[in-house]
>>> print(open('entry_16.cif').read())   # mmCIF, C-alpha atoms
data_protein
#
loop_
_atom_site.label_atom_id
_atom_site.label_comp_id
_atom_site.auth_asym_id
_atom_site.auth_seq_id
_atom_site.Cartn_x
_atom_site.Cartn_y
_atom_site.Cartn_z
CA MET A 10 168.00 117.94 255.56
CA GLY A 11 169.70 119.53 258.55
CA TYR A 12 169.44 119.54 262.32
CA LYS A 13 167.21 121.39 264.74
CA VAL A 14 169.76 123.01 267.04
CA VAL A 15 169.44 124.92 270.31
CA ILE A 16 172.06 127.25 271.81
CA ALA A 17 171.43 127.68 275.55
CA GLY A 18 173.27 130.71 276.89
CA ALA A 19 173.41 132.44 273.52
CA THR A 20 174.18 135.91 274.92
CA GLY A 21 177.39 134.92 276.76
CA ASN A 22 180.93 134.88 275.36
CA VAL A 23 180.91 131.14 274.67
CA GLY A 24 177.33 131.06 273.36
CA ARG A 25 178.05 133.82 270.85
CA GLU A 26 181.22 132.03 269.80
CA MET A 27 179.23 128.82 269.28
CA LEU A 28 176.93 130.70 266.89
CA ASN A 29 179.93 132.15 265.02
CA ILE A 30 181.56 128.74 264.63
CA LEU A 31 178.36 126.98 263.55
CA ALA A 32 178.09 129.58 260.78
CA GLU A 33 181.80 129.50 259.86
CA ARG A 34 181.87 125.71 259.58
CA GLN A 35 178.54 125.67 257.71
CA PHE A 36 177.00 123.22 260.15
CA PRO A 37 173.78 121.84 258.61
CA VAL A 38 171.23 123.78 260.66
CA ASP A 39 167.62 123.34 259.60
CA GLU A 40 166.17 125.31 262.51
CA LEU A 41 167.92 127.26 265.29
CA ALA A 42 166.66 128.41 268.70
CA VAL A 43 168.71 130.74 270.89
CA LEU A 44 167.92 130.69 274.61
CA ALA A 45 168.83 132.90 277.55
CA SER A 46 167.66 133.69 281.05
CA ARG A 47 164.71 136.05 281.52
CA ARG A 48 166.95 139.02 282.22
CA SER A 49 168.41 138.67 278.70
CA LEU A 50 165.10 137.86 277.03
CA GLY A 51 164.77 139.41 273.58
CA THR A 52 168.47 140.20 273.26
CA GLU A 53 169.55 139.94 269.63
CA VAL A 54 172.41 137.67 268.60
CA SER A 55 173.99 137.03 265.20
CA PHE A 56 174.12 133.79 263.26
CA GLY A 57 175.87 134.33 259.94
CA ASP A 58 173.91 137.08 258.20
CA ARG A 59 170.82 136.47 260.35
CA THR A 60 169.80 138.16 263.58
CA LEU A 61 167.87 136.12 266.14
CA LYS A 62 166.06 137.09 269.33
CA THR A 63 166.62 135.02 272.44
CA GLN A 64 163.80 133.00 273.97
CA ASP A 65 163.18 132.25 277.65
CA ILE A 66 164.91 128.99 278.59
CA GLU A 67 162.41 128.48 281.44
CA GLN A 68 159.48 128.25 279.01
CA PHE A 69 161.19 126.44 276.15
CA ASP A 70 159.69 123.21 274.80
CA TRP A 71 162.53 120.80 273.98
CA THR A 72 160.34 118.35 272.08
CA GLY A 73 161.50 117.66 268.51
CA TRP A 74 164.93 119.29 268.79
CA ASP A 75 167.96 117.21 267.78
CA MET A 76 170.76 118.71 269.87
CA ALA A 77 171.44 121.55 272.28
CA LEU A 78 174.76 123.22 272.97
CA PHE A 79 174.75 124.42 276.59
CA ALA A 80 176.86 127.35 277.86
CA ILE A 81 174.90 128.36 280.96
CA GLY A 82 176.98 127.15 283.93
CA SER A 83 176.47 124.17 286.20
CA GLU A 84 173.54 125.40 288.30
CA ALA A 85 171.29 126.22 285.35
CA THR A 86 172.46 123.11 283.49
CA LYS A 87 171.38 120.96 286.44
CA ILE A 88 167.82 122.22 285.90
CA HIS A 89 167.53 122.32 282.12
CA ALA A 90 169.81 119.58 280.73
CA PRO A 91 167.71 116.69 282.12
CA LYS A 92 164.56 118.28 280.66
CA ALA A 93 166.14 118.48 277.22
CA ALA A 94 167.58 114.97 277.45
CA ARG A 95 164.24 113.47 278.49
CA ALA A 96 162.60 115.12 275.47
CA GLY A 97 165.08 113.38 273.16
CA CYS A 98 167.35 116.37 272.56
CA VAL A 99 171.05 115.45 272.94
CA VAL A 100 172.80 117.92 275.26
CA ILE A 101 176.41 118.95 274.62
CA ASP A 102 177.31 120.66 277.88
CA ASN A 103 180.16 123.13 278.36
CA SER A 104 179.89 123.24 282.18
CA SER A 105 181.73 120.95 284.60
CA LEU A 106 178.49 119.34 285.87
CA TYR A 107 178.65 116.04 283.96
CA ARG A 108 182.36 115.74 283.11
CA TYR A 109 183.14 113.23 285.84
CA ASP A 110 179.93 111.21 285.54
CA PRO A 111 180.94 107.70 284.36
CA GLU A 112 177.72 107.48 282.30
CA VAL A 113 178.46 110.70 280.38
CA PRO A 114 181.17 110.70 277.70
CA LEU A 115 183.78 113.47 277.95
CA ILE A 116 184.94 114.14 274.42
CA VAL A 117 187.67 115.88 272.46
CA PRO A 118 186.91 114.72 268.89
CA GLU A 119 190.57 114.53 267.79
CA VAL A 120 191.37 112.36 270.80
CA ASN A 121 188.50 109.99 271.72
CA PRO A 122 185.79 110.22 269.02
CA GLN A 123 184.68 106.64 269.69
CA ALA A 124 183.33 107.78 273.08
CA VAL A 125 180.41 109.53 271.34
CA HIS A 126 178.51 106.25 271.20
CA GLY A 127 178.16 106.37 274.99
CA TYR A 128 175.89 109.43 274.77
CA ALA A 129 172.67 107.38 274.91
CA LYS A 130 172.92 106.45 278.60
CA LYS A 131 171.82 109.97 279.60
CA ASN A 132 171.47 111.75 276.23
CA ILE A 133 174.24 114.07 277.44
CA ILE A 134 177.84 114.64 276.26
CA ALA A 135 180.32 116.70 278.29
CA ASN A 136 182.75 119.26 276.90
CA PRO A 137 186.07 119.31 278.80
CA ASN A 138 187.73 122.14 280.66
CA CYS A 139 189.44 124.67 278.39
CA SER A 140 192.94 123.99 279.71
CA THR A 141 192.51 120.23 279.36
CA ALA A 142 191.12 120.31 275.82
CA GLN A 143 194.16 121.88 274.19
CA MET A 144 196.63 119.78 276.20
CA VAL A 145 195.12 116.40 275.30
CA VAL A 146 195.08 117.29 271.59
CA ALA A 147 198.88 117.49 271.88
CA LEU A 148 199.33 114.51 274.22
CA LYS A 149 197.26 111.87 272.40
CA PRO A 150 199.32 111.46 269.19
CA LEU A 151 202.52 111.30 271.25
CA HIS A 152 200.95 108.80 273.67
CA ASP A 153 199.99 106.61 270.69
CA ARG A 154 203.67 106.44 269.70
CA SER A 155 205.22 106.05 273.16
CA ALA A 156 203.09 105.65 276.29
CA ILE A 157 203.14 108.70 278.55
CA LYS A 158 204.01 108.02 282.20
CA ARG A 159 203.76 111.52 283.68
CA VAL A 160 202.85 115.06 282.71
CA VAL A 161 203.85 118.24 284.56
CA VAL A 162 201.94 121.24 283.24
CA SER A 163 201.95 124.91 284.16
CA THR A 164 199.18 126.98 282.60
CA TYR A 165 199.02 130.67 281.72
CA GLN A 166 195.26 131.19 281.40
CA SER A 167 193.60 134.27 279.96
CA VAL A 168 190.91 136.25 281.76
CA SER A 169 188.24 135.31 279.19
CA GLY A 170 188.23 131.92 280.90
CA ALA A 171 186.43 133.72 283.72
CA GLY A 172 183.81 135.19 281.37
CA LYS A 173 182.91 138.76 280.50
CA GLU A 174 183.48 139.87 284.11
CA GLY A 175 187.09 138.72 283.88
CA ILE A 176 187.66 140.60 280.61
CA ASP A 177 186.06 143.75 282.01
CA GLU A 178 188.12 143.61 285.20
CA LEU A 179 191.44 143.41 283.33
CA TRP A 180 190.40 146.24 281.01
CA ASP A 181 189.17 148.50 283.82
CA GLN A 182 192.14 147.84 286.11
CA THR A 183 194.65 148.41 283.33
CA LYS A 184 193.13 151.81 282.57
CA SER A 185 192.85 152.75 286.25
CA ILE A 186 196.57 152.19 286.89
CA TYR A 187 197.25 155.20 284.66
CA ASN A 188 194.57 157.25 286.44
CA PRO A 189 195.30 157.54 290.18
CA THR A 190 191.78 158.85 290.92
CA ASP A 191 190.10 155.80 289.40
CA ASP A 192 190.84 152.84 291.67
CA LYS A 193 189.45 149.48 290.49
CA PRO A 194 189.82 146.86 293.26
CA ALA A 195 189.71 143.14 292.53
CA ARG A 196 186.16 141.74 292.35
CA LYS A 197 186.14 138.83 289.93
CA PHE A 198 189.65 137.75 290.81
CA THR A 199 191.23 137.32 294.24
CA LYS A 200 193.99 139.87 293.57
CA GLN A 201 194.75 142.58 291.02
CA ILE A 202 195.01 140.95 287.60
CA ALA A 203 196.39 143.93 285.63
CA PHE A 204 200.20 143.70 285.40
CA ASN A 205 200.11 140.65 287.68
CA VAL A 206 199.76 136.86 287.65
CA ILE A 207 197.54 134.92 290.07
CA PRO A 208 198.35 131.25 290.87
CA HIS A 209 194.74 130.52 291.79
CA ILE A 210 191.90 129.40 289.48
CA ASP A 211 188.68 128.02 291.00
CA VAL A 212 188.42 126.98 294.66
CA PHE A 213 191.12 125.43 296.85
CA MET A 214 190.90 121.75 297.71
CA GLU A 215 192.08 119.90 300.83
CA ASP A 216 195.42 118.84 299.36
CA GLY A 217 196.34 122.45 298.44
CA SER A 218 195.58 122.12 294.75
CA THR A 219 192.84 124.17 293.12
CA LYS A 220 189.75 122.75 291.44
CA GLU A 221 191.12 123.85 288.03
CA GLU A 222 194.28 121.81 288.64
CA TRP A 223 192.23 118.81 289.78
CA LYS A 224 190.09 119.08 286.63
CA MET A 225 193.16 118.80 284.39
CA VAL A 226 194.25 115.64 286.21
CA ALA A 227 190.85 113.93 286.24
CA GLU A 228 189.89 114.88 282.68
CA THR A 229 193.20 113.85 281.11
CA LYS A 230 192.79 110.42 282.71
CA LYS A 231 189.20 110.09 281.47
CA ILE A 232 189.87 111.30 277.92
CA VAL A 233 193.32 109.85 277.18
CA ASP A 234 194.42 107.13 279.64
CA PRO A 235 193.74 106.58 283.37
CA SER A 236 197.33 105.41 283.89
CA ILE A 237 198.89 108.80 283.05
CA LYS A 238 200.08 110.71 286.11
CA VAL A 239 199.38 114.45 285.86
CA THR A 240 200.36 117.34 288.10
CA ALA A 241 199.26 120.88 287.25
CA THR A 242 199.76 124.46 288.40
CA CYS A 243 197.12 126.78 286.93
CA VAL A 244 197.81 130.50 286.74
CA ARG A 245 195.65 133.42 285.60
CA VAL A 246 197.58 135.97 283.53
CA PRO A 247 196.68 139.44 282.16
CA VAL A 248 195.85 138.24 278.64
CA PHE A 249 192.37 138.74 277.19
CA VAL A 250 192.04 135.58 275.05
CA GLY A 251 194.25 132.52 274.60
CA HIS A 252 195.51 129.96 277.11
CA SER A 253 199.17 128.91 277.11
CA GLU A 254 200.74 125.84 278.71
CA ALA A 255 204.30 124.74 279.41
CA ILE A 256 204.11 120.94 279.29
CA ASN A 257 206.78 118.51 280.47
CA ILE A 258 206.17 114.90 279.40
CA GLU A 259 207.87 111.71 280.60
CA PHE A 260 207.44 108.68 278.32
CA GLU A 261 207.86 104.96 278.91
CA GLU A 262 210.32 104.84 275.99
CA PHE A 263 212.63 107.38 274.40
CA LEU A 264 210.95 109.72 271.88
CA ASP A 265 213.24 111.92 269.84
CA GLU A 266 212.24 115.58 269.58
CA ASP A 267 212.41 115.48 265.78
CA GLU A 268 210.09 112.48 265.62
CA ALA A 269 207.75 114.17 268.11
CA ARG A 270 207.70 117.26 265.91
CA ASP A 271 206.82 115.16 262.86
CA ILE A 272 204.07 113.30 264.76
CA LEU A 273 202.51 116.57 265.91
CA ARG A 274 202.68 118.08 262.41
CA GLU A 275 200.47 115.21 261.20
CA ALA A 276 198.12 115.27 264.20
CA PRO A 277 194.51 116.47 263.72
CA GLY A 278 193.79 119.90 265.18
CA VAL A 279 197.49 120.69 265.74
CA MET A 280 199.66 123.32 264.07
CA VAL A 281 203.40 123.15 264.76
CA ILE A 282 205.30 126.44 264.58
CA ASP A 283 208.69 125.72 266.06
CA LYS A 284 211.69 127.63 264.76
CA ARG A 285 214.65 128.24 267.04
CA GLU A 286 214.85 131.92 266.26
CA ASP A 287 213.33 135.19 267.44
CA GLY A 288 209.56 134.93 267.04
CA GLY A 289 209.68 131.31 265.90
CA TYR A 290 206.89 130.30 268.29
CA VAL A 291 203.23 131.16 268.88
CA THR A 292 201.88 133.43 271.61
CA PRO A 293 198.25 133.89 272.70
CA ILE A 294 197.66 137.06 270.71
CA GLU A 295 198.40 135.19 267.47
CA CYS A 296 196.06 132.28 268.15
CA VAL A 297 192.89 134.33 268.68
CA GLY A 298 190.14 133.35 266.25
CA ASP A 299 191.97 130.26 265.02
CA PHE A 300 190.70 126.68 265.21
CA ALA A 301 194.13 125.09 265.77
CA THR A 302 196.06 124.20 268.89
CA PHE A 303 199.57 125.55 268.32
CA ILE A 304 202.70 123.73 269.49
CA SER A 305 206.12 125.37 269.78
CA ARG A 306 209.42 124.98 271.71
CA ILE A 307 209.60 121.18 271.29
CA ARG A 308 212.81 119.99 272.92
CA GLN A 309 214.36 117.10 274.79
CA ASP A 310 214.40 117.22 278.61
CA SER A 311 217.79 115.83 279.59
CA THR A 312 217.04 115.91 283.34
CA ILE A 313 214.82 112.81 283.17
CA ASP A 314 214.76 109.61 281.15
CA ASN A 315 212.59 109.88 278.05
CA GLY A 316 211.50 113.48 278.60
CA LEU A 317 210.17 116.20 276.29
CA ASN A 318 209.14 119.81 276.80
CA LEU A 319 206.70 121.75 274.66
CA TRP A 320 204.72 124.99 274.58
CA CYS A 321 201.00 124.77 273.77
CA VAL A 322 198.74 127.74 272.89
CA SER A 323 195.08 127.85 271.87
CA ASP A 324 192.10 130.20 271.73
CA ASN A 325 190.24 129.13 274.89
CA LEU A 326 186.89 130.45 273.66
CA ARG A 327 187.27 128.25 270.58
CA LYS A 328 189.10 124.93 271.12
CA GLY A 329 188.67 125.29 274.87
CA ALA A 330 184.90 125.73 274.65
CA ALA A 331 182.79 126.64 271.62
CA LEU A 332 184.79 124.97 268.84
CA ASN A 333 185.08 121.69 270.73
CA ALA A 334 181.31 121.72 271.38
CA VAL A 335 180.57 122.27 267.67
CA GLN A 336 183.07 119.54 266.74
CA ILE A 337 181.19 117.19 269.10
CA ALA A 338 177.94 118.19 267.36
CA GLU A 339 179.53 117.39 263.99
CA LEU A 340 180.76 114.05 265.33
CA LEU A 341 177.35 113.23 266.78
CA GLY A 342 175.71 114.01 263.45
CA ARG A 343 178.24 112.07 261.42
CA GLU A 344 178.44 108.97 263.61
CA VAL A 345 174.99 108.73 265.22
CA LEU A 346 172.15 110.98 264.02
CA LYS A 347 173.21 111.02 260.34
CA LYS A 348 170.77 113.69 259.12
CA GLY A 349 172.99 116.46 257.79
#
>>> encode(input="entry_16.cif", output="structure tokens")
Amino acid sequence: MGYKVVIAGATGNVGREMLNILAERQFPVDELAVLASRRSLGTEVSFGDRTLKTQDIEQFDWTGWDMALFAIGSEATKIHAPKAARAGCVVIDNSSLYRYDPEVPLIVPEVNPQAVHGYAKKNIIANPNCSTAQMVVALKPLHDRSAIKRVVVSTYQSVSGAGKEGIDELWDQTKSIYNPTDDKPARKFTKQIAFNVIPHIDVFMEDGSTKEEWKMVAETKKIVDPSIKVTATCVRVPVFVGHSEAINIEFEEFLDEDEARDILREAPGVMVIDKREDGGYVTPIECVGDFATFISRIRQDSTIDNGLNLWCVSDNLRKGAALNAVQIAELLGREVLKKG
């Protein structure tokens, strides 16, 4: 016996990836509904070797469904998630709407699986921000060995984090640079993204940080440990898929780089590729389509007491969004619903 599963936002990048991963991981689906807005009504999407037509989310009856994976943005989630939750369908939400709600667990299954039992307060579980998800997978096993005092992270985030419009803008601008009669001004991003980097993701806040940077701080504290100090600089780069992060960690006690490497090799969801030679590290193009969070360039930071540096790369459409949501669904099934 399997689960009755809903994918809300099935025609978007993340929704389609959720369907791919459910099929790849052979999630026990008994019945599957794929939902979209009216403008995408009837669009066909793939689930394994099946083709499904999307239904209208506005008219959908949530009664009797076990869980719903949401990838529809905060505004639509605000309308539809409470309806689903009231009907007894557990919502796993990819938007930022519920992440900071103290009554909604924010989960990365490799890091804080025990938090899943808090779902019942609102029948909603939040999926973290893409840049946070991959970072905390690397931080948690190290934090368990030696408490982390402070993290300084600089991100190199791909355009797919901004959705299909971001991918299209990079593609169109890149082509237009070689065609002087085909100018493609910035629309999705604040400046030209092709052959450029933009130190601005989401809106600016009063203290000069951006909302993306604030999310990394707040979510790391909620998922791992509220005592960890985090400062972030988030940068959009001209890469289609795959977020990268340069992470500097200060520990309470000394942690040798070799021991850190061994800890990370054993950590769930982590793949260490760290050879001190040409190409002995992972770049975004190599992580696309993979489930793992890749760690490279592990080395001591001699400028501070008890410091380490590392390089962290992951497919943001997978671990940063769709994969983490499916892993939460698996966790929910295994620990709570116990049907599959």
>>> atom_distance(input="entry_16.cif", atom1="atom CA of Val239 of chain A", atom2="atom CA of Ala171 of chain A")
23.3 Å
>>> closest_residue(input="entry_16.cif", among="A:Leu179, A:Phe260, A:Leu115, A:Cys321", to="Asp153 of chain A", atoms="only C-alpha atoms")
A:Phe260
>>> residues_around(input="entry_16.cif", residues="Ile256 of chain A", least_positions_apart="6", cutoff="8 Å", atoms="only C-alpha atoms", output="VMD selection string")
chain A and resid 160 to 163 318 to 321
>>> axis_aligned_box(input="entry_16.cif", around="segment 138-150 of chain A", padding_each_side="8 Å", output="JSON")
{"center_x": 193.5, "center_y": 118.1, "center_z": 274.9, "size_x": 27.6, "size_y": 29.2, "size_z": 27.5}
>>> atom_distance(input="entry_16.cif", atom1="atom CA of Trp74 of chain A", atom2="atom CA of Thr20 of chain A")
20.0 Å
>>> closest_residue(input="entry_16.cif", among="A:Lys130, A:Lys284, A:Arg245, A:His252", to="His209 of chain A", atoms="only C-alpha atoms")
A:Arg245
>>> closest_residue(input="entry_16.cif", among="A:Ala330, A:Ile186, A:Val345, A:Val145", to="Gln201 of chain A", atoms="all atoms listed in the file")
A:Ile186
>>> atom_distance(input="entry_16.cif", atom1="atom CA of Gly217 of chain A", atom2="atom CA of Ala147 of chain A")
27.1 Å
>>> residues_around(input="entry_16.cif", residues="Ser140 of chain A", least_positions_apart="2", cutoff="12 Å", atoms="only C-alpha atoms", output="ChimeraX atom specification")
/A:136-138,142-147,162-167,170,210,221-226,228-229,241-245,251-256,302,321-330
>>> resolve_selection(input="entry_16.cif", expression="the PyMOL selection byres ((chain A and resi 134) around 8)", output="ChimeraX atom specification")
/A:99-102,107,113-116,125,128,132-133,135-136
>>> closest_residue(input="entry_16.cif", among="A:Arg343, A:Arg285, A:Lys149, A:Arg34", to="Asn121 of chain A", atoms="only C-alpha atoms")
A:Lys149
>>> residues_around(input="entry_16.cif", residues="segment 83-87 of chain A", least_positions_apart="6", cutoff="8 Å", atoms="all atoms listed in the file", output="PyMOL selection string")
chain A and resi 102+104-106
>>> resolve_selection(input="entry_16.cif", expression="the PyMOL selection byres ((chain A and resi 193) around 6)", output="list of chain:residue names")
A:Gln182, A:Asp192, A:Pro194
>>> closest_residue(input="entry_16.cif", among="A:Met76, A:Ala19, A:Thr199, A:Ala32", to="Lys348 of chain A", atoms="all atoms listed in the file")
A:Met76
